[in-house]
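Below is final09.pdb, which holds PDB, C-alpha atoms and all ligand atoms.
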```
ATOM      1  CA  MET A   1      -9.954  40.840 -11.484
ATOM      2  CA  THR A   2     -13.653  41.070 -12.301
ATOM      3  CA  ALA A   3     -14.841  44.454 -13.575
ATOM      4  CA  SER A   4     -16.369  46.676 -10.935
ATOM      5  CA  GLN A   5     -20.051  45.863 -10.360
ATOM      6  CA  ASP A   6     -22.363  48.619  -9.195
ATOM      7  CA  THR A   7     -22.611  47.479  -5.611
ATOM      8  CA  ALA A   8     -23.262  50.882  -4.081
ATOM      9  CA  PRO A   9     -25.566  50.546  -1.068
ATOM     10  CA  SER A  10     -29.214  51.071  -2.001
ATOM     11  CA  ARG A  11     -29.565  53.883   0.580
ATOM     12  CA  PRO A  12     -27.219  56.016   2.671
ATOM     13  CA  PHE A  13     -25.820  54.737   5.970
ATOM     14  CA  PRO A  14     -25.625  57.746   8.302
ATOM     15  CA  HIS A  15     -22.713  56.544  10.473
ATOM     16  CA  ARG A  16     -19.024  57.132   9.786
ATOM     17  CA  HIS A  17     -17.932  54.145  11.893
ATOM     18  CA  LEU A  18     -19.380  50.795  12.940
ATOM     19  CA  LEU A  19     -18.605  50.671  16.656
ATOM     20  CA  GLY A  20     -21.591  48.664  17.867
ATOM     21  CA  ILE A  21     -25.096  47.438  17.132
ATOM     22  CA  GLU A  22     -26.638  49.486  19.946
ATOM     23  CA  GLY A  23     -28.271  52.541  18.420
ATOM     24  CA  LEU A  24     -28.643  51.143  14.879
ATOM     25  CA  THR A  25     -32.187  51.202  13.491
ATOM     26  CA  PRO A  26     -33.964  48.172  11.948
ATOM     27  CA  ASP A  27     -33.538  49.855   8.542
ATOM     28  CA  GLU A  28     -29.758  50.292   9.032
ATOM     29  CA  ILE A  29     -29.349  46.663  10.144
ATOM     30  CA  GLY A  30     -31.503  45.583   7.191
ATOM     31  CA  LEU A  31     -29.284  47.589   4.815
ATOM     32  CA  LEU A  32     -26.120  45.860   6.114
ATOM     33  CA  LEU A  33     -27.755  42.410   5.844
ATOM     34  CA  ASP A  34     -29.110  43.054   2.337
ATOM     35  CA  GLN A  35     -25.702  44.289   1.173
ATOM     36  CA  ALA A  36     -24.072  41.151   2.650
ATOM     37  CA  GLU A  37     -26.614  38.899   0.951
ATOM     38  CA  ALA A  38     -25.448  40.259  -2.392
ATOM     39  CA  SER A  39     -21.891  38.953  -1.758
ATOM     40  CA  VAL A  40     -22.791  35.393  -0.704
ATOM     41  CA  ALA A  41     -23.104  34.081  -4.277
ATOM     42  CA  GLN A  42     -19.928  35.903  -5.366
ATOM     43  CA  ASN A  43     -17.977  34.249  -2.547
ATOM     44  CA  ARG A  44     -18.999  30.808  -3.874
ATOM     45  CA  GLN A  45     -17.646  31.510  -7.379
ATOM     46  CA  VAL A  46     -14.173  30.614  -8.620
ATOM     47  CA  ASP A  47     -13.441  34.293  -9.336
ATOM     48  CA  LYS A  48     -14.280  35.996  -6.069
ATOM     49  CA  LYS A  49     -12.553  39.285  -6.727
ATOM     50  CA  ARG A  50     -13.974  42.705  -7.560
ATOM     51  CA  SER A  51     -12.257  46.029  -8.100
ATOM     52  CA  ASP A  52     -14.702  48.369  -6.365
ATOM     53  CA  LEU A  53     -12.238  49.344  -3.641
ATOM     54  CA  ARG A  54      -9.171  49.703  -5.883
ATOM     55  CA  GLY A  55      -6.900  52.408  -4.477
ATOM     56  CA  LEU A  56      -8.357  52.235  -0.956
ATOM     57  CA  THR A  57      -6.285  51.052   2.008
ATOM     58  CA  GLN A  58      -7.579  48.924   4.894
ATOM     59  CA  ILE A  59      -5.462  48.331   8.004
ATOM     60  CA  ASN A  60      -6.371  45.470  10.369
ATOM     61  CA  LEU A  61      -5.121  46.209  13.874
ATOM     62  CA  PHE A  62      -5.729  43.325  16.281
ATOM     63  CA  PHE A  63      -4.557  43.695  19.887
ATOM     64  CA  GLU A  64      -6.140  40.305  20.709
ATOM     65  CA  GLU A  65      -5.993  36.842  19.130
ATOM     66  CA  SER A  66      -8.405  36.017  16.322
ATOM     67  CA  THR A  67      -8.848  33.387  13.632
ATOM     68  CA  ARG A  68     -12.277  34.035  12.099
ATOM     69  CA  THR A  69     -12.616  37.814  12.373
ATOM     70  CA  ARG A  70      -9.110  38.767  11.273
ATOM     71  CA  THR A  71      -8.992  36.315   8.365
ATOM     72  CA  SER A  72     -12.457  37.212   7.115
ATOM     73  CA  PHE A  73     -11.771  40.963   7.281
ATOM     74  CA  GLU A  74      -8.591  40.379   5.268
ATOM     75  CA  LEU A  75     -10.455  38.271   2.698
ATOM     76  CA  ALA A  76     -13.312  40.774   2.565
ATOM     77  CA  GLY A  77     -11.023  43.724   1.845
ATOM     78  CA  LYS A  78      -9.021  41.775  -0.758
ATOM     79  CA  ARG A  79     -12.126  40.442  -2.518
ATOM     80  CA  LEU A  80     -13.328  44.031  -2.871
ATOM     81  CA  GLY A  81      -9.994  45.100  -4.359
ATOM     82  CA  ALA A  82      -8.573  47.126  -1.424
ATOM     83  CA  ASP A  83      -4.934  47.093  -0.323
ATOM     84  CA  VAL A  84      -5.075  45.272   3.017
ATOM     85  CA  ILE A  85      -2.369  45.550   5.671
ATOM     86  CA  ASN A  86      -2.394  43.294   8.744
ATOM     87  CA  MET A  87      -0.492  45.044  11.475
ATOM     88  CA  SER A  88       1.057  42.584  13.870
ATOM     89  CA  VAL A  89       0.885  43.977  17.386
ATOM     90  CA  ALA A  90       3.494  41.447  18.543
ATOM     91  CA  THR A  91       6.133  42.941  16.219
ATOM     92  CA  SER A  92       4.992  46.574  16.388
ATOM     93  CA  SER A  93       6.274  49.520  18.409
ATOM     94  CA  ILE A  94       3.435  48.902  20.883
ATOM     95  CA  LYS A  95       5.893  46.408  22.384
ATOM     96  CA  LYS A  96       8.270  49.342  22.938
ATOM     97  CA  GLY A  97       5.647  51.224  24.942
ATOM     98  CA  GLU A  98       3.832  53.206  22.242
ATOM     99  CA  THR A  99       0.268  53.973  23.378
ATOM    100  CA  LEU A 100      -2.966  53.059  21.607
ATOM    101  CA  ILE A 101      -3.572  56.711  20.707
ATOM    102  CA  ASP A 102      -0.034  57.282  19.399
ATOM    103  CA  THR A 103      -0.341  54.079  17.378
ATOM    104  CA  ALA A 104      -3.660  55.258  15.952
ATOM    105  CA  MET A 105      -2.287  58.693  15.061
ATOM    106  CA  THR A 106       0.797  57.140  13.456
ATOM    107  CA  LEU A 107      -1.373  54.919  11.255
ATOM    108  CA  ASN A 108      -3.679  57.865  10.527
ATOM    109  CA  ALA A 109      -0.698  59.802   9.124
ATOM    110  CA  MET A 110      -0.397  57.115   6.412
ATOM    111  CA  ASN A 111      -3.900  58.023   5.126
ATOM    112  CA  PRO A 112      -5.715  54.692   5.408
ATOM    113  CA  ASP A 113      -9.381  54.637   4.363
ATOM    114  CA  LEU A 114     -10.478  52.064   6.918
ATOM    115  CA  LEU A 115      -9.192  50.721  10.228
ATOM    116  CA  VAL A 116     -10.481  47.409  11.591
ATOM    117  CA  VAL A 117      -9.646  47.177  15.286
ATOM    118  CA  ARG A 118      -9.922  44.515  17.994
ATOM    119  CA  HIS A 119      -8.915  45.435  21.531
ATOM    120  CA  PRO A 120      -9.230  43.713  24.936
ATOM    121  CA  HIS A 121     -10.649  46.845  26.621
ATOM    122  CA  SER A 122     -14.276  47.931  26.241
ATOM    123  CA  GLY A 123     -14.441  51.397  24.693
ATOM    124  CA  ALA A 124     -10.898  51.367  23.278
ATOM    125  CA  VAL A 125     -12.080  51.163  19.663
ATOM    126  CA  GLU A 126     -14.426  54.127  20.093
ATOM    127  CA  LEU A 127     -11.602  56.145  21.677
ATOM    128  CA  LEU A 128      -9.354  55.301  18.736
ATOM    129  CA  SER A 129     -12.088  56.278  16.252
ATOM    130  CA  GLN A 130     -12.059  59.817  17.693
ATOM    131  CA  LYS A 131      -8.376  60.234  16.789
ATOM    132  CA  VAL A 132      -8.383  59.208  13.130
ATOM    133  CA  ALA A 133      -9.771  60.656   9.913
ATOM    134  CA  CYS A 134     -10.932  57.359   8.381
ATOM    135  CA  ALA A 135     -13.788  54.938   9.055
ATOM    136  CA  VAL A 136     -13.307  52.473  11.933
ATOM    137  CA  ILE A 137     -14.924  49.059  12.377
ATOM    138  CA  ASN A 138     -15.030  47.466  15.813
ATOM    139  CA  ALA A 139     -13.832  43.864  15.473
ATOM    140  CA  GLY A 140     -14.545  43.242  19.176
ATOM    141  CA  ASP A 141     -13.749  45.417  22.200
ATOM    142  CA  GLY A 142     -13.498  43.720  25.595
ATOM    143  CA  SER A 143     -16.879  42.483  26.760
ATOM    144  CA  HIS A 144     -18.649  45.442  25.108
ATOM    145  CA  GLU A 145     -19.595  44.737  21.464
ATOM    146  CA  HIS A 146     -18.718  42.581  18.455
ATOM    147  CA  PRO A 147     -21.062  44.090  15.855
ATOM    148  CA  THR A 148     -19.971  42.106  12.799
ATOM    149  CA  GLN A 149     -20.463  38.827  14.714
ATOM    150  CA  ALA A 150     -24.072  39.765  15.496
ATOM    151  CA  LEU A 151     -24.633  40.752  11.855
ATOM    152  CA  LEU A 152     -23.245  37.456  10.541
ATOM    153  CA  ASP A 153     -25.357  35.555  13.063
ATOM    154  CA  ALA A 154     -28.423  37.497  11.897
ATOM    155  CA  LEU A 155     -27.633  36.825   8.234
ATOM    156  CA  THR A 156     -27.257  33.093   8.964
ATOM    157  CA  ILE A 157     -30.584  33.002  10.829
ATOM    158  CA  ARG A 158     -32.404  35.085   8.198
ATOM    159  CA  ARG A 159     -31.179  32.839   5.368
ATOM    160  CA  ARG A 160     -32.279  29.676   7.210
ATOM    161  CA  LYS A 161     -35.540  30.871   8.798
ATOM    162  CA  GLY A 162     -36.519  33.583   6.315
ATOM    163  CA  ARG A 163     -36.920  36.212   9.056
ATOM    164  CA  LEU A 164     -35.702  37.445  12.430
ATOM    165  CA  SER A 165     -38.933  38.923  13.738
ATOM    166  CA  GLY A 166     -40.921  36.645  16.031
ATOM    167  CA  LEU A 167     -38.188  34.034  16.513
ATOM    168  CA  LEU A 168     -37.288  32.823  20.005
ATOM    169  CA  VAL A 169     -33.512  32.833  20.457
ATOM    170  CA  ALA A 170     -31.741  31.325  23.491
ATOM    171  CA  ILE A 171     -28.242  32.684  24.164
ATOM    172  CA  CYS A 172     -26.565  30.275  26.577
ATOM    173  CA  GLY A 173     -23.456  30.236  28.750
ATOM    174  CA  ASP A 174     -20.988  32.955  29.677
ATOM    175  CA  ILE A 175     -23.111  36.048  28.998
ATOM    176  CA  LEU A 176     -21.224  38.142  31.553
ATOM    177  CA  HIS A 177     -17.970  38.302  29.578
ATOM    178  CA  SER A 178     -19.477  38.088  26.095
ATOM    179  CA  ARG A 179     -19.404  40.952  23.590
ATOM    180  CA  VAL A 180     -21.098  38.550  21.161
ATOM    181  CA  ALA A 181     -24.076  38.210  23.514
ATOM    182  CA  ARG A 182     -24.357  41.974  23.991
ATOM    183  CA  SER A 183     -24.327  42.722  20.240
ATOM    184  CA  ASN A 184     -26.771  39.898  19.542
ATOM    185  CA  ILE A 185     -29.180  41.071  22.254
ATOM    186  CA  HIS A 186     -29.236  44.578  20.734
ATOM    187  CA  LEU A 187     -29.669  43.271  17.201
ATOM    188  CA  LEU A 188     -32.311  40.641  17.940
ATOM    189  CA  ASN A 189     -34.372  43.002  20.111
ATOM    190  CA  THR A 190     -34.171  45.713  17.438
ATOM    191  CA  MET A 191     -35.305  43.275  14.746
ATOM    192  CA  GLY A 192     -38.275  41.982  16.744
ATOM    193  CA  ALA A 193     -36.971  38.599  17.940
ATOM    194  CA  ARG A 194     -37.468  37.373  21.532
ATOM    195  CA  VAL A 195     -34.241  36.748  23.456
ATOM    196  CA  ARG A 196     -33.741  34.371  26.369
ATOM    197  CA  LEU A 197     -30.504  34.312  28.325
ATOM    198  CA  VAL A 198     -29.768  30.887  29.798
ATOM    199  CA  ALA A 199     -26.904  30.877  32.296
ATOM    200  CA  PRO A 200     -25.923  30.371  35.927
ATOM    201  CA  PRO A 201     -26.326  33.574  38.006
ATOM    202  CA  THR A 202     -22.516  33.905  38.242
ATOM    203  CA  LEU A 203     -22.263  34.299  34.454
ATOM    204  CA  LEU A 204     -24.922  36.999  34.023
ATOM    205  CA  PRO A 205     -24.349  40.770  34.244
ATOM    206  CA  ALA A 206     -25.814  42.538  37.298
ATOM    207  CA  SER A 207     -28.183  44.702  35.241
ATOM    208  CA  VAL A 208     -29.474  41.851  33.079
ATOM    209  CA  GLU A 209     -33.183  42.739  33.502
ATOM    210  CA  ARG A 210     -32.519  46.096  31.762
ATOM    211  CA  LEU A 211     -31.486  44.323  28.548
ATOM    212  CA  GLY A 212     -35.067  43.464  27.525
ATOM    213  CA  VAL A 213     -34.605  39.694  27.762
ATOM    214  CA  GLU A 214     -36.028  36.695  29.635
ATOM    215  CA  VAL A 215     -33.613  34.975  32.015
ATOM    216  CA  HIS A 216     -33.463  31.260  32.821
ATOM    217  CA  HIS A 217     -31.197  29.406  35.224
ATOM    218  CA  ASP A 218     -32.235  25.958  33.995
ATOM    219  CA  MET A 219     -31.046  24.826  30.561
ATOM    220  CA  ARG A 220     -34.017  22.608  29.671
ATOM    221  CA  ARG A 221     -36.577  25.257  30.646
ATOM    222  CA  GLY A 222     -34.531  27.947  28.920
ATOM    223  CA  LEU A 223     -34.408  26.015  25.656
ATOM    224  CA  ALA A 224     -38.128  25.112  25.636
ATOM    225  CA  ASP A 225     -39.666  25.949  22.233
ATOM    226  CA  CYS A 226     -36.625  27.923  21.043
ATOM    227  CA  ASP A 227     -35.998  28.404  17.309
ATOM    228  CA  ILE A 228     -32.293  29.158  17.785
ATOM    229  CA  VAL A 229     -29.826  27.851  20.386
ATOM    230  CA  MET A 230     -26.739  30.068  20.476
ATOM    231  CA  MET A 231     -23.940  28.664  22.651
ATOM    232  CA  LEU A 232     -21.103  30.751  24.086
ATOM    233  CA  ARG A 233     -17.593  29.841  25.201
ATOM    234  CA  LEU A 234     -16.451  30.244  28.794
ATOM    235  CA  GLN A 235     -14.148  33.253  28.315
ATOM    236  CA  SER A 236     -11.492  32.428  30.870
ATOM    237  CA  GLU A 237      -9.190  35.168  29.483
ATOM    238  CA  ARG A 238     -11.645  37.749  30.867
ATOM    239  CA  MET A 239     -12.296  35.962  34.181
ATOM    240  CA  HIS A 240     -10.590  36.965  37.408
ATOM    241  CA  GLY A 241     -11.394  34.157  39.826
ATOM    242  CA  ALA A 242     -13.556  31.018  39.578
ATOM    243  CA  PHE A 243     -16.995  31.472  37.992
ATOM    244  CA  VAL A 244     -17.876  27.757  37.720
ATOM    245  CA  PRO A 245     -17.141  24.909  40.178
ATOM    246  CA  SER A 246     -15.471  22.661  37.545
ATOM    247  CA  ILE A 247     -15.541  22.081  33.791
ATOM    248  CA  ARG A 248     -17.103  18.655  34.335
ATOM    249  CA  GLU A 249     -19.956  20.132  36.384
ATOM    250  CA  TYR A 250     -20.362  23.020  33.932
ATOM    251  CA  PHE A 251     -20.842  20.618  31.015
ATOM    252  CA  HIS A 252     -23.293  18.525  33.041
ATOM    253  CA  PHE A 253     -25.582  21.501  33.764
ATOM    254  CA  TRP A 254     -24.848  23.938  30.939
ATOM    255  CA  GLY A 255     -23.227  22.031  28.074
ATOM    256  CA  LEU A 256     -25.452  21.545  25.017
ATOM    257  CA  ASP A 257     -26.052  17.828  24.376
ATOM    258  CA  TYR A 258     -28.905  16.017  22.603
ATOM    259  CA  ASP A 259     -30.736  15.486  25.879
ATOM    260  CA  LYS A 260     -30.994  19.230  26.611
ATOM    261  CA  LEU A 261     -31.499  20.113  22.939
ATOM    262  CA  ALA A 262     -34.677  17.960  22.940
ATOM    263  CA  SER A 263     -36.433  20.832  24.793
ATOM    264  CA  ALA A 264     -35.979  23.172  21.817
ATOM    265  CA  ARG A 265     -38.125  23.068  18.688
ATOM    266  CA  PRO A 266     -37.343  20.059  16.449
ATOM    267  CA  ASP A 267     -36.098  22.435  13.736
ATOM    268  CA  ALA A 268     -34.062  24.626  16.114
ATOM    269  CA  LEU A 269     -30.694  25.691  14.730
ATOM    270  CA  ILE A 270     -27.482  25.323  16.760
ATOM    271  CA  MET A 271     -25.091  28.272  16.606
ATOM    272  CA  HIS A 272     -21.717  29.124  18.139
ATOM    273  CA  PRO A 273     -19.528  32.155  17.300
ATOM    274  CA  GLY A 274     -16.343  30.144  17.823
ATOM    275  CA  PRO A 275     -13.805  29.305  18.945
ATOM    276  CA  MET A 276     -15.572  26.274  20.452
ATOM    277  CA  ASN A 277     -14.469  24.339  23.481
ATOM    278  CA  ARG A 278     -15.847  20.881  22.725
ATOM    279  CA  GLY A 279     -16.962  19.015  25.831
ATOM    280  CA  VAL A 280     -17.192  22.278  27.827
ATOM    281  CA  GLU A 281     -20.126  24.309  26.474
ATOM    282  CA  ILE A 282     -21.074  21.976  23.608
ATOM    283  CA  ASP A 283     -20.965  18.267  22.884
ATOM    284  CA  SER A 284     -18.895  17.401  19.805
ATOM    285  CA  ALA A 285     -21.664  15.394  18.104
ATOM    286  CA  VAL A 286     -24.138  18.281  18.480
ATOM    287  CA  ALA A 287     -21.616  20.807  17.149
ATOM    288  CA  ASP A 288     -21.004  18.652  14.054
ATOM    289  CA  ASP A 289     -24.652  17.683  13.420
ATOM    290  CA  ILE A 290     -25.085  18.593   9.757
ATOM    291  CA  ASP A 291     -28.882  18.755  10.089
ATOM    292  CA  ARG A 292     -28.951  21.136  13.045
ATOM    293  CA  SER A 293     -25.633  22.979  13.387
ATOM    294  CA  VAL A 294     -24.955  26.087  11.258
ATOM    295  CA  ILE A 295     -21.607  26.888  12.868
ATOM    296  CA  ARG A 296     -19.646  26.585   9.607
ATOM    297  CA  GLU A 297     -22.262  28.616   7.751
ATOM    298  CA  GLN A 298     -21.771  31.383  10.337
ATOM    299  CA  VAL A 299     -18.093  31.506   9.370
ATOM    300  CA  GLU A 300     -19.006  31.688   5.667
ATOM    301  CA  MET A 301     -21.475  34.521   6.290
ATOM    302  CA  GLY A 302     -18.739  36.352   8.192
ATOM    303  CA  VAL A 303     -16.896  37.147   4.966
ATOM    304  CA  ALA A 304     -20.039  38.478   3.252
ATOM    305  CA  VAL A 305     -21.009  40.591   6.265
ATOM    306  CA  ARG A 306     -17.532  42.097   6.539
ATOM    307  CA  MET A 307     -17.558  42.880   2.811
ATOM    308  CA  ALA A 308     -20.881  44.669   3.338
ATOM    309  CA  CYS A 309     -19.567  46.708   6.273
ATOM    310  CA  ILE A 310     -16.468  47.738   4.307
ATOM    311  CA  GLU A 311     -18.508  48.641   1.212
ATOM    312  CA  ILE A 312     -21.043  50.670   3.171
ATOM    313  CA  LEU A 313     -18.510  52.577   5.275
ATOM    314  CA  THR A 314     -16.390  53.455   2.238
ATOM    315  CA  ALA A 315     -19.374  54.349   0.016
ATOM    316  CA  ARG A 316     -18.972  58.063   0.793
ATOM    317  CA  LEU A 317     -15.417  57.881  -0.651
ATOM    318  CA  ARG A 318     -16.405  55.868  -3.706
ATOM    319  CA  HIS A 319     -19.757  57.531  -4.439
ATOM    320  CA  PRO A 320     -19.549  61.068  -2.975
ATOM    321  CA  GLU A 321     -22.316  62.225  -5.330
ATOM    322  CA  ARG A 322     -24.793  59.885  -3.608
ATOM    323  CA  VAL A 323     -24.095  61.131  -0.070
ATOM    324  CA  SER A 324     -26.706  63.656   0.993
TER     325      SER A 324
HETATM  326  N1  LIG B   1     -16.031  34.700  16.724
HETATM  327  C1  LIG B   1     -14.833  35.301  16.755
HETATM  328  O1  LIG B   1     -14.717  36.507  16.992
HETATM  329  O2  LIG B   1     -13.792  34.454  16.502
HETATM  330  P1  LIG B   1     -12.246  34.892  16.469
HETATM  331  O3  LIG B   1     -11.850  35.272  17.880
HETATM  332  O4  LIG B   1     -11.520  33.674  15.962
HETATM  333  O5  LIG B   1     -12.109  36.067  15.560
END
```
Here is a file; write its structure as structure tokens.
Ligand code: CP
Amino acid sequence: MTASQDTAPSRPFPHRHLLGIEGLTPDEIGLLLDQAEASVAQNRQVDKKRSDLRGLTQINLFFEESTRTRTSFELAGKRLGADVINMSVATSSIKKGETLIDTAMTLNAMNPDLLVVRHPHSGAVELLSQKVACAVINAGDGSHEHPTQALLDALTIRRRKGRLSGLLVAICGDILHSRVARSNIHLLNTMGARVRLVAPPTLLPASVERLGVEVHHDMRRGLADCDIVMMLRLQSERMHGAFVPSIREYFHFWGLDYDKLASARPDALIMHPGPMNRGVEIDSAVADDIDRSVIREQVEMGVAVRMACIEILTARLRHPERVS
């Protein structure tokens, strides 16, 4: 294990938990992104491990499926030297009827330093955070927020474009059910980007005009002059009823292919939080275009961003003298 580097955040972060992007200031978002930037090079080395979090315990508690978020939180904690426990909901006492709150209080009794929680219900992670003594990170709650996804998207954009402010970002597809869209809208608006939502009316929330975005119901017009094209999956697990006539028709009107992409700027980046449904919201060739698509880079930045969130939320334990 590499000796502990002094990776203490450059300034205090005034929140005990990271439950959402809404309410964070540009300076707080900038702090998280700068801290993440510092881990990108480390994650490309052979020796990726530090000892900063030695002695601290992180529990990952996922009530919903995940590949990227769960794995990257596990890697992030381990690369920082924490003891990381992945609690499997499928084999836990939740299956015997134990409630979310009783589960949280049971885990709390084991004195963890950090809980990372994904839950299918909006607000469940915040409720849980009120019952425990440690820091809590929201790894996605229902259709509410997915803050670390928005941060990793922002880091990817900032590294490629050199800034967030002034960029025109189109978020396309199933906005209604998307926590990724909600967190990205908050982050991009806070950081001075312009956001366009491009979707059929059935896949937009009722109060969309209050989000501070432009809305388009035509893909080519919505993508015109965009710097970033962010595609979203149709989230059928959160749909009750039919929101689109057929997959074939959805791809025809709303799937990203080269023809529709031609409306965006020639240097526009293609993004997708994953998991992708090829041939539904995105054409395979576009998704794999090494000159335009940064989808794999988003996954890489996910580890650095989650390391930053863990470091910043545990800083008060590791550097109590620096907390005002
Ligand atoms: N983007 C995202 O949250 O992916 P997972 O569901 O695989 O974690």
Task: Closest of A:Leu80, A:Met307, A:Ala264, A:Met231 to A:Arg278 - atom-to-atom distances counting only C-alpha atoms - done: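 Among the listed residues, A:Met231 lies closest to A:Arg278.
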- [ ] Find, counting all atoms listed in the file, the residue in A:Val208, A:Leu176, A:Ile312, A:Val303 that gets nearest to ligand LIG 1 (chain B).
- [x]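 Closest candidate: A:Val303.
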TODO: Using atom CA of A:Ser51 and atom CA of A:Ser72 as the two end points, give the distance in Å to one decimal.
DONE: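 Calculated distance between atom CA of A:Ser51 and atom CA of A:Ser72 is 17.6 Å.
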Task: Expected selection from the PyMOL selection byres (((not hetatm)) within 9 of (chain B and resi 1)), given as a list in words - done: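 Applying the expression gives Glu64, Glu65, Ser66, Thr67, Arg68, Thr69, Arg70, Thr71, Ser72, Ala139, Gly140, His146, Thr148, Gln149, Val180, His272, Pro273, Gly274, Pro275 and Val299 of chain A.
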- [ ] Go through A:His216, A:His186, A:His177, A:Arg159 one by one, measure the shortest atom-to-atom distance of each to A:Arg233 using all atoms listed in the file, and give the residue with the smallest value.
- [x]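 Residue with the minimum atom-to-atom distance to A:Arg233: A:His177.
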Open item on the list: Restricting the calculation to only C-alpha atoms: of A:Asp27, A:Thr7, A:Leu61, A:Ile157, which residue gets closest to A:Ser88?
Closed with: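 Of the candidates, the smallest distance to A:Ser88 is held by A:Leu61.
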Open item on the list: Excluding A:Leu152 and its own-chain neighbours fewer than 3 positions away, which residues fall within 9 Å of it when counting all atoms listed in the file? Please give them as a list in words.
Closed with: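 With the cut-off at 9 Å, the set is Leu33, Ala36, Pro147, Thr148, Gln149, Leu155, Thr156, Ile157, Gln298, Val299, Glu300, Met301, Gly302, Val303, Ala304, Val305 and Arg306 of chain A.
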Open item on the list: Show me the residues around (-21.2, 32.2, 23.3) - criterion: an atom at most 9 Å away, only C-alpha atoms counted - as a list in words.
Closed with: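 The requested residues, written out, are Ile171, Cys172, Gly173, Asp174, Ile175, Ser178, Arg179, Val180, Ala181, Met230, Met231, Leu232, Arg233, Leu234, Gln235, Met271, His272, Pro273, Gly274, Met276 and Glu281 of chain A.
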Task: Residue nearest A:Lys49 - candidates A:Pro200, A:Pro26, A:Gly77, A:Gly212, atoms counted: all atoms listed in the file - done: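 Using all atoms listed in the file, A:Lys49 sits closest to A:Gly77.
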Could you write out as lines of an AutoDock Vina configuration file the box around stretch 168-173 of chain A (axis-aligned, all atoms listed in the file, 3 Å on each side), with centre and edge lengths in Å to one decimal?
```
center_x = -30.4
center_y = 31.5
center_z = 24.4
size_x = 19.8
size_y = 8.6
size_z = 14.7
```
- [ ] Could you please determine the separation between atom CA of A:Leu75 and atom CA of A:Val286 in Å, to one decimal place?
- [x] 28.9 Å
Rebuild stretch 189-200 of chain A to N, CA, C and O atoms - output it as an mmCIF file, keeping the file's coordinate frame, please.
```cif
data_model
loop_
_atom_site.group_PDB
_atom_site.id
_atom_site.type_symbol
_atom_site.label_atom_id
_atom_site.label_comp_id
_atom_site.auth_asym_id
_atom_site.auth_seq_id
_atom_site.Cartn_x
_atom_site.Cartn_y
_atom_site.Cartn_z
ATOM 1 N N ASN A 189 -33.281 42.168 19.572
ATOM 2 C CA ASN A 189 -34.372 43.002 20.111
ATOM 3 C C ASN A 189 -34.813 44.034 19.084
ATOM 4 O O ASN A 189 -36.004 44.254 18.878
ATOM 5 N N THR A 190 -33.836 44.674 18.436
ATOM 6 C CA THR A 190 -34.171 45.713 17.438
ATOM 7 C C THR A 190 -34.968 45.126 16.272
ATOM 8 O O THR A 190 -35.852 45.786 15.727
ATOM 9 N N MET A 191 -34.661 43.875 15.910
ATOM 10 C CA MET A 191 -35.305 43.275 14.746
ATOM 11 C C MET A 191 -36.564 42.483 15.109
ATOM 12 O O MET A 191 -37.128 41.768 14.279
ATOM 13 N N GLY A 192 -36.987 42.576 16.367
ATOM 14 C CA GLY A 192 -38.275 41.982 16.744
ATOM 15 C C GLY A 192 -38.240 40.523 17.134
ATOM 16 O O GLY A 192 -39.298 39.872 17.172
ATOM 17 N N ALA A 193 -37.051 39.979 17.416
ATOM 18 C CA ALA A 193 -36.971 38.599 17.940
ATOM 19 C C ALA A 193 -37.127 38.641 19.462
ATOM 20 O O ALA A 193 -36.985 39.699 20.080
ATOM 21 N N ARG A 194 -37.431 37.480 20.059
ATOM 22 C CA ARG A 194 -37.468 37.373 21.532
ATOM 23 C C ARG A 194 -36.170 36.720 21.976
ATOM 24 O O ARG A 194 -35.740 35.718 21.387
ATOM 25 N N VAL A 195 -35.537 37.276 23.011
ATOM 26 C CA VAL A 195 -34.241 36.748 23.456
ATOM 27 C C VAL A 195 -34.374 36.181 24.864
ATOM 28 O O VAL A 195 -34.921 36.838 25.760
ATOM 29 N N ARG A 196 -33.861 34.968 25.043
ATOM 30 C CA ARG A 196 -33.741 34.371 26.369
ATOM 31 C C ARG A 196 -32.262 34.205 26.689
ATOM 32 O O ARG A 196 -31.507 33.709 25.844
ATOM 33 N N LEU A 197 -31.859 34.592 27.869
ATOM 34 C CA LEU A 197 -30.504 34.312 28.325
ATOM 35 C C LEU A 197 -30.579 33.121 29.265
ATOM 36 O O LEU A 197 -31.397 33.112 30.195
ATOM 37 N N VAL A 198 -29.740 32.125 29.018
ATOM 38 C CA VAL A 198 -29.768 30.887 29.798
ATOM 39 C C VAL A 198 -28.377 30.694 30.382
ATOM 40 O O VAL A 198 -27.416 30.414 29.647
ATOM 41 N N ALA A 199 -28.243 30.881 31.686
ATOM 42 C CA ALA A 199 -26.904 30.877 32.296
ATOM 43 C C ALA A 199 -27.017 30.761 33.809
ATOM 44 O O ALA A 199 -28.054 31.108 34.386
ATOM 45 N N PRO A 200 -25.931 30.303 34.464
ATOM 46 C CA PRO A 200 -25.923 30.371 35.927
ATOM 47 C C PRO A 200 -25.828 31.837 36.372
ATOM 48 O O PRO A 200 -25.282 32.669 35.633
#
```
